[in-house]
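Peer 1: Compact mmCIF, C-alpha atoms, file upload-v1.txt:
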# COMPACT_ATOMS: atom_id res chain seq x y z
CA MET A 1 64.65 54.64 -79.09
CA ALA A 2 62.91 55.54 -82.39
CA ALA A 3 63.78 58.84 -84.06
CA SER A 4 60.34 60.34 -83.34
CA GLY A 5 60.67 59.35 -79.68
CA LYS A 6 64.08 61.00 -79.43
CA LEU A 7 62.70 64.22 -80.89
CA THR A 8 59.82 64.23 -78.40
CA VAL A 9 62.34 63.87 -75.58
CA PHE A 10 64.43 66.61 -77.18
CA ALA A 11 61.43 68.97 -77.27
CA ARG A 12 60.81 68.28 -73.60
CA GLN A 13 64.45 69.05 -72.85
CA LEU A 14 64.15 72.36 -74.69
CA SER A 15 60.93 73.38 -72.98
CA THR A 16 61.00 74.97 -69.54
CA SER A 17 57.37 73.94 -69.06
CA SER A 18 56.19 70.63 -67.64
CA ALA A 19 53.34 70.65 -70.20
CA ALA A 20 55.55 69.54 -73.08
CA ALA A 21 53.74 66.27 -73.66
CA GLN A 22 52.75 67.10 -77.24
CA LEU A 23 54.71 68.78 -80.01
CA VAL A 24 53.24 72.02 -81.39
CA LYS A 25 52.96 71.62 -85.16
CA PRO A 26 54.81 74.33 -87.12
CA PRO A 27 52.98 76.35 -89.81
CA VAL A 28 55.20 74.92 -92.56
CA GLN A 29 56.88 71.58 -93.08
CA VAL A 30 60.69 71.50 -93.01
CA PHE A 31 62.70 68.40 -93.80
CA GLY A 32 65.81 66.51 -92.77
CA LEU A 33 67.53 66.29 -89.42
CA GLU A 34 67.87 70.08 -89.30
CA GLY A 35 64.13 70.41 -89.90
CA ARG A 36 63.28 68.00 -87.10
CA TYR A 37 65.44 69.90 -84.61
CA ALA A 38 63.94 73.19 -85.79
CA CYS A 39 60.41 71.82 -85.33
CA ALA A 40 61.23 70.61 -81.83
CA LEU A 41 62.68 74.03 -80.99
CA TYR A 42 59.58 75.75 -82.43
CA SER A 43 57.36 73.55 -80.28
CA ALA A 44 59.30 74.30 -77.09
CA ALA A 45 59.52 78.04 -77.78
CA SER A 46 55.81 78.20 -78.63
CA LYS A 47 54.85 76.75 -75.27
CA THR A 48 56.90 79.34 -73.40
CA LYS A 49 55.83 82.18 -75.75
CA ALA A 50 59.48 82.74 -76.64
CA LEU A 51 59.43 82.44 -80.44
CA ASP A 52 60.58 86.01 -81.09
CA ALA A 53 63.29 85.82 -78.43
CA VAL A 54 64.64 82.54 -79.78
CA GLU A 55 64.61 83.84 -83.36
CA LYS A 56 66.58 86.91 -82.24
CA ASP A 57 69.10 84.71 -80.41
CA LEU A 58 69.60 82.46 -83.43
CA LYS A 59 70.01 85.33 -85.90
CA GLY A 60 72.66 86.90 -83.68
CA LEU A 61 74.41 83.56 -83.24
CA GLN A 62 74.38 82.84 -86.97
CA ASN A 63 75.91 86.24 -87.67
CA GLN A 64 78.68 85.50 -85.16
CA MET A 65 79.28 82.09 -86.74
CA ARG A 66 79.88 83.80 -90.07
CA THR A 67 82.03 86.68 -88.84
CA ASP A 68 83.87 85.49 -85.70
CA PRO A 69 86.52 82.78 -86.19
CA LYS A 70 86.56 81.99 -82.45
CA VAL A 71 82.87 81.12 -82.47
CA ARG A 72 83.30 78.95 -85.58
CA ASP A 73 86.26 77.15 -84.00
CA LEU A 74 84.32 76.46 -80.80
CA LEU A 75 81.43 74.95 -82.74
CA ARG A 76 83.40 72.98 -85.33
CA ASP A 77 86.53 71.80 -83.53
CA PRO A 78 86.30 67.98 -83.56
CA THR A 79 89.08 67.58 -80.99
CA THR A 80 87.07 69.22 -78.19
CA LYS A 81 85.08 66.70 -76.16
CA ARG A 82 81.31 66.91 -76.34
CA ASN A 83 80.84 67.50 -72.62
CA VAL A 84 83.42 70.31 -72.69
CA LYS A 85 81.60 72.01 -75.59
CA ALA A 86 78.25 71.57 -73.88
CA ALA A 87 79.54 73.17 -70.68
CA ALA A 88 81.20 76.03 -72.58
CA LEU A 89 78.07 76.77 -74.59
CA LYS A 90 75.88 76.63 -71.50
CA ASP A 91 78.15 79.21 -69.88
CA VAL A 92 78.14 81.42 -72.99
CA ALA A 93 74.33 81.23 -73.27
CA ALA A 94 73.99 82.36 -69.66
CA LYS A 95 76.45 85.23 -70.09
CA VAL A 96 74.80 86.64 -73.22
CA LYS A 97 71.35 86.00 -71.74
CA PHE A 98 70.02 83.69 -74.43
CA ASN A 99 66.50 82.40 -73.96
CA ALA A 100 66.42 79.08 -72.10
CA ALA A 101 65.21 77.24 -75.22
CA THR A 102 68.17 78.57 -77.24
CA GLY A 103 70.62 77.58 -74.53
CA ASN A 104 69.11 74.12 -74.24
CA LEU A 105 69.31 73.65 -78.02
CA LEU A 106 73.03 74.41 -78.02
CA THR A 107 73.66 72.07 -75.09
CA VAL A 108 71.72 69.20 -76.68
CA LEU A 109 73.48 69.64 -80.03
CA ALA A 110 76.88 69.66 -78.30
CA GLU A 111 76.08 66.55 -76.28
CA ASN A 112 74.88 64.73 -79.42
CA GLY A 113 77.84 65.85 -81.54
CA ARG A 114 75.62 67.76 -83.97
CA LEU A 115 76.83 71.34 -83.70
CA SER A 116 77.89 71.12 -87.36
CA ARG A 117 74.17 71.11 -88.15
CA LEU A 118 73.49 74.36 -86.31
CA ASP A 119 73.57 76.65 -89.34
CA GLY A 120 71.04 74.45 -91.15
CA ILE A 121 68.84 74.28 -88.06
CA ILE A 122 68.83 78.08 -87.82
CA ASN A 123 67.87 78.35 -91.50
CA ALA A 124 65.04 75.84 -91.01
CA PHE A 125 63.80 77.72 -87.93
CA SER A 126 63.86 80.98 -89.94
CA LEU A 127 61.63 79.36 -92.58
CA ILE A 128 59.18 78.32 -89.87
CA MET A 129 59.12 81.80 -88.38
CA ALA A 130 58.60 83.38 -91.80
CA ALA A 131 55.57 81.13 -92.28
CA GLU A 132 54.39 82.05 -88.78
CA ARG A 133 54.24 85.68 -89.93
CA GLY A 134 52.53 84.79 -93.21
CA GLU A 135 55.72 85.30 -95.22
CA VAL A 136 56.66 83.00 -98.09
CA VAL A 137 60.40 82.71 -98.54
CA CYS A 138 61.53 82.93 -102.15
CA GLU A 139 65.08 82.67 -103.45
CA VAL A 140 65.98 83.69 -107.00
CA LYS A 141 69.37 83.01 -108.57
CA THR A 142 70.38 84.78 -111.77
CA ALA A 143 73.59 85.00 -113.78
CA LYS A 144 73.60 88.81 -113.40
CA PRO A 145 72.12 91.06 -110.68
CA LEU A 146 68.49 92.05 -111.14
CA ASP A 147 67.78 95.74 -111.56
CA ASP A 148 64.93 97.38 -109.64
CA GLY A 149 62.48 97.00 -112.52
CA GLN A 150 63.24 93.30 -113.01
CA ARG A 151 62.96 92.63 -109.28
CA LYS A 152 59.58 94.39 -109.08
CA GLN A 153 58.31 92.50 -112.14
CA LEU A 154 59.44 89.20 -110.63
CA GLU A 155 57.81 89.95 -107.26
CA ASN A 156 54.51 90.70 -109.00
CA ALA A 157 54.68 87.43 -110.95
CA LEU A 158 55.50 85.41 -107.83
CA LYS A 159 52.51 86.84 -105.94
CA ALA A 160 50.33 84.51 -108.00
CA PHE A 161 51.62 81.67 -105.80
CA LEU A 162 50.53 83.38 -102.57
CA LYS A 163 47.39 83.08 -100.49
CA PRO A 164 45.48 86.30 -99.64
CA ASN A 165 47.06 86.63 -96.16
CA GLN A 166 50.64 85.98 -97.30
CA THR A 167 53.52 88.26 -98.27
CA ILE A 168 56.67 87.41 -100.19
CA GLN A 169 60.20 87.53 -98.75
CA LEU A 170 62.44 87.65 -101.80
CA THR A 171 66.18 87.01 -101.71
CA ALA A 172 68.13 87.52 -104.93
CA LYS A 173 71.51 85.85 -105.46
CA VAL A 174 73.96 85.94 -108.35
CA ASP A 175 75.48 82.78 -109.81
CA PRO A 176 77.43 83.38 -113.06
CA ALA A 177 77.50 79.60 -113.68
CA LEU A 178 73.83 79.83 -114.71
CA ILE A 179 74.92 81.74 -117.86
CA GLY A 180 71.41 83.18 -118.25
CA GLY A 181 67.81 82.72 -117.13
CA MET A 182 67.08 82.02 -113.47
CA VAL A 183 66.48 79.41 -110.79
CA VAL A 184 63.50 80.09 -108.52
CA SER A 185 62.50 78.40 -105.29
CA ILE A 186 59.34 79.56 -103.54
CA GLY A 187 58.03 77.65 -100.56
CA ASP A 188 58.33 73.98 -101.51
CA LYS A 189 58.35 74.72 -105.27
CA TYR A 190 61.54 74.75 -107.37
CA VAL A 191 61.91 75.79 -111.01
CA ASP A 192 65.17 75.77 -112.98
CA MET A 193 64.89 78.08 -115.99
CA SER A 194 68.62 78.67 -116.39
CA VAL A 195 70.52 78.48 -119.65
CA ALA A 196 73.02 76.16 -117.94
CA SER A 197 70.33 73.55 -117.23
CA LYS A 198 69.13 73.69 -120.86
CA ILE A 199 72.68 73.26 -122.15
CA LYS A 200 73.16 70.25 -119.86
CA LYS A 201 69.88 68.74 -121.04
CA TYR A 202 70.78 69.00 -124.72
CA THR A 203 74.37 67.93 -124.09
CA ASP A 204 73.11 64.78 -122.38
CA ILE A 205 70.84 64.08 -125.37
CA ILE A 206 73.71 64.57 -127.82
CA ARG A 207 75.90 62.16 -125.86
CA ILE A 208 73.38 59.33 -126.14
CA PRO A 209 74.47 56.89 -128.90
CA PRO A 210 72.06 56.88 -131.88
CA SER A 211 71.06 53.26 -131.15
CA GLU A 212 69.71 54.30 -127.72
CA CYS A 213 67.71 57.28 -129.01
What would you get if you wrote out this structure as structure tokens?
Peer 2:
Amino acid sequence: MAASGKLTVFARQLSTSSAAAQLVKPPVQVFGLEGRYACALYSAASKTKALDAVEKDLKGLQNQMRTDPKVRDLLRDPTTKRNVKAAALKDVAAKVKFNAATGNLLTVLAENGRLSRLDGIINAFSLIMAAERGEVVCEVKTAKPLDDGQRKQLENALKAFLKPNQTIQLTAKVDPALIGGMVVSIGDKYVDMSVASKIKKYTDIIRIPPSEC
């Protein structure tokens, strides 16, 4: 079966409605296998009006994945058979009262041996939901933490990329390897203004033999 056909079937599996003949297009495009699963989940949750419930489930699950070793082991252990994982996750989803779409996602991922992709799928779904609310996700990496004034100045500059009905969701991270400057990603745009990238550029130029210049 073609990849697009499999994803259509997957969306139908996620949906508790019999009207899942067509995928609901998300408000923003996300890429890769994780993006395709996230889009299928968005479609199924949209049809059952469960977007907020599913997002809450996934945020809670992602937090557990990062803080609870038992949850990580259950998801990542390659020695556990797929059907055993699927059954265990189905039971867990019922006990914690996950939305049906969330539970079905976990079961399908377990059966297909793709639970290792779950964190990426959750991140992709979060991007879709941010776009659903008119938020534009922006990540800024700097060599040193931004102070309040720098953060405010950056937010004002980034607003030039927004449409009138959009708001910015800024996440700031520190990466000393950048040395200075910053790396900015906003929506599908990416700009590397770090000192490290400039050093690499000039180092590469210097390494080129004179005859090739």
Peer 1: Report, in Å to a single decimal, how far apart CA of Tyr190 (chain A) and CA of Cys138 (chain A) are.
Peer 2: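 Computing it gives 9.7 Å between the two atoms.
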Peer 1: So that I can check the surroundings of Gly120 (chain A), please list as a list in words every protein, DNA and RNA residue that reaches within 12 Å of it, counting only C-alpha atoms and ignoring chain neighbours fewer than 6 positions away.
Peer 2: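 Answer for this query is Val30, Phe31, Gly32, Leu33, Glu34, Gly35, Arg36, Tyr37, Ala38, Leu58, Gln62, Arg114, Ser126 and Leu127 of chain A.
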Peer 1: Since we have the selection now, will you write its residues out, keeping C-alpha atoms, as a compact mmCIF listing (two decimals), in the frame of the given file?
Peer 2:
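And here is the file that came out, result_28.txt:
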# COMPACT_ATOMS: atom_id res chain seq x y z
CA VAL A 30 60.69 71.50 -93.01
CA PHE A 31 62.70 68.40 -93.80
CA GLY A 32 65.81 66.51 -92.77
CA LEU A 33 67.53 66.29 -89.42
CA GLU A 34 67.87 70.08 -89.30
CA GLY A 35 64.13 70.41 -89.90
CA ARG A 36 63.28 68.00 -87.10
CA TYR A 37 65.44 69.90 -84.61
CA ALA A 38 63.94 73.19 -85.79
CA LEU A 58 69.60 82.46 -83.43
CA GLN A 62 74.38 82.84 -86.97
CA ARG A 114 75.62 67.76 -83.97
CA SER A 126 63.86 80.98 -89.94
CA LEU A 127 61.63 79.36 -92.58
Peer 1: Taking all atoms listed in the file into account, which of A:Ala101, A:Leu162, A:Val71, A:Leu115 comes nearest Glu135 (chain A)?
Peer 2: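 Residue with the minimum atom-to-atom distance to Glu135 (chain A): A:Leu162.
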Peer 1: Can you work out the spacing between CA of Ser194 (chain A) and CA of Ile168 (chain A) in Å, to one decimal?
Peer 2: 21.9 Å
Peer 1: Could you list, with a cut-off of 9 Å and counting only C-alpha atoms, the residues of region 80-172 of chain A near region 46-56 of chain A, each shown with its nearest atom pair and the distance in Å rounded to one decimal, rows sorted by chain and ascending number, as JSON lines?
Peer 2:
{"residue": "A:Phe98", "atom": "CA", "partner": "A:Val54", "partner_atom": "CA", "distance": 7.7}
{"residue": "A:Asn99", "atom": "CA", "partner": "A:Val54", "partner_atom": "CA", "distance": 6.1}
{"residue": "A:Ala100", "atom": "CA", "partner": "A:Val54", "partner_atom": "CA", "distance": 8.6}
{"residue": "A:Ala101", "atom": "CA", "partner": "A:Val54", "partner_atom": "CA", "distance": 7.0}
{"residue": "A:Thr102", "atom": "CA", "partner": "A:Val54", "partner_atom": "CA", "distance": 5.9}
{"residue": "A:Ile122", "atom": "CA", "partner": "A:Glu55", "partner_atom": "CA", "distance": 8.4}
{"residue": "A:Phe125", "atom": "CA", "partner": "A:Glu55", "partner_atom": "CA", "distance": 7.7}
{"residue": "A:Ser126", "atom": "CA", "partner": "A:Glu55", "partner_atom": "CA", "distance": 7.2}
{"residue": "A:Met129", "atom": "CA", "partner": "A:Glu55", "partner_atom": "CA", "distance": 7.7}
Peer 1: Neighbouring residues of region 171-184 of chain A were defined as those with any atom within 10 Å, considering all atoms listed in the file; residues of the same chain fewer than 3 positions away were excluded. Please report them as a ChimeraX atom specification.
Peer 2: /A:137-146,151,158,168,187,189-199
Peer 1: Let me make sure I understand: among A:Ala157, A:Lys95, A:Val136, A:Leu105, which one has the smallest atom-to-atom distance to Ile121 (chain A) if we use only C-alpha atoms?
Peer 2: A:Leu105
Peer 1: Between CA of Leu154 (chain A) and CA of Ala131 (chain A), what is the distance, to one decimal in Å?
Peer 2: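 Rounded to one decimal, the two atoms are 20.4 Å apart.
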Peer 1: Given all atoms listed in the file as the basis, pick out the residue of A:Thr107, A:Thr79, A:Ala87, A:Gly134 nearest to Lys163 (chain A).
Peer 2: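 Closest candidate: A:Gly134.
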Peer 1: Give one line per residue of region 76-144 of chain A that approaches region 63-70 of chain A to at most 12 Å, naming the two atoms of the closest pair and their distance in Å to one decimal, counting only C-alpha atoms; sort by chain then ascending residue number and deliver it as a Markdown table.
Peer 2:
| residue | atom | partner | partner_atom | distance |
| --- | --- | --- | --- | --- |
| A:Arg76 | CA | A:Lys70 | CA | 10.0 |
| A:Asp77 | CA | A:Lys70 | CA | 10.2 |
| A:Leu115 | CA | A:Met65 | CA | 11.4 |
| A:Ser116 | CA | A:Met65 | CA | 11.1 |
| A:Leu118 | CA | A:Met65 | CA | 9.7 |
| A:Asp119 | CA | A:Met65 | CA | 8.3 |
| A:Ile122 | CA | A:Asn63 | CA | 10.8 |
| A:Asn123 | CA | A:Asn63 | CA | 11.9 |
Peer 1: Taking only C-alpha atoms into account, which of A:Gln150, A:Gln29, A:Ser43, A:Gln22 comes nearest Ile128 (chain A)?
Peer 2: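 Of A:Gln150, A:Gln29, A:Ser43, A:Gln22, the one nearest Ile128 (chain A), counting only C-alpha atoms, is A:Gln29.
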Peer 1: Measuring atom to atom with all atoms listed in the file, identify which of A:Leu89, A:Ala124, A:Ile186, A:Leu75 is nearest to Lys59 (chain A).
Peer 2: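 Nearest candidate to Lys59 (chain A) out of A:Leu89, A:Ala124, A:Ile186, A:Leu75: A:Ala124.
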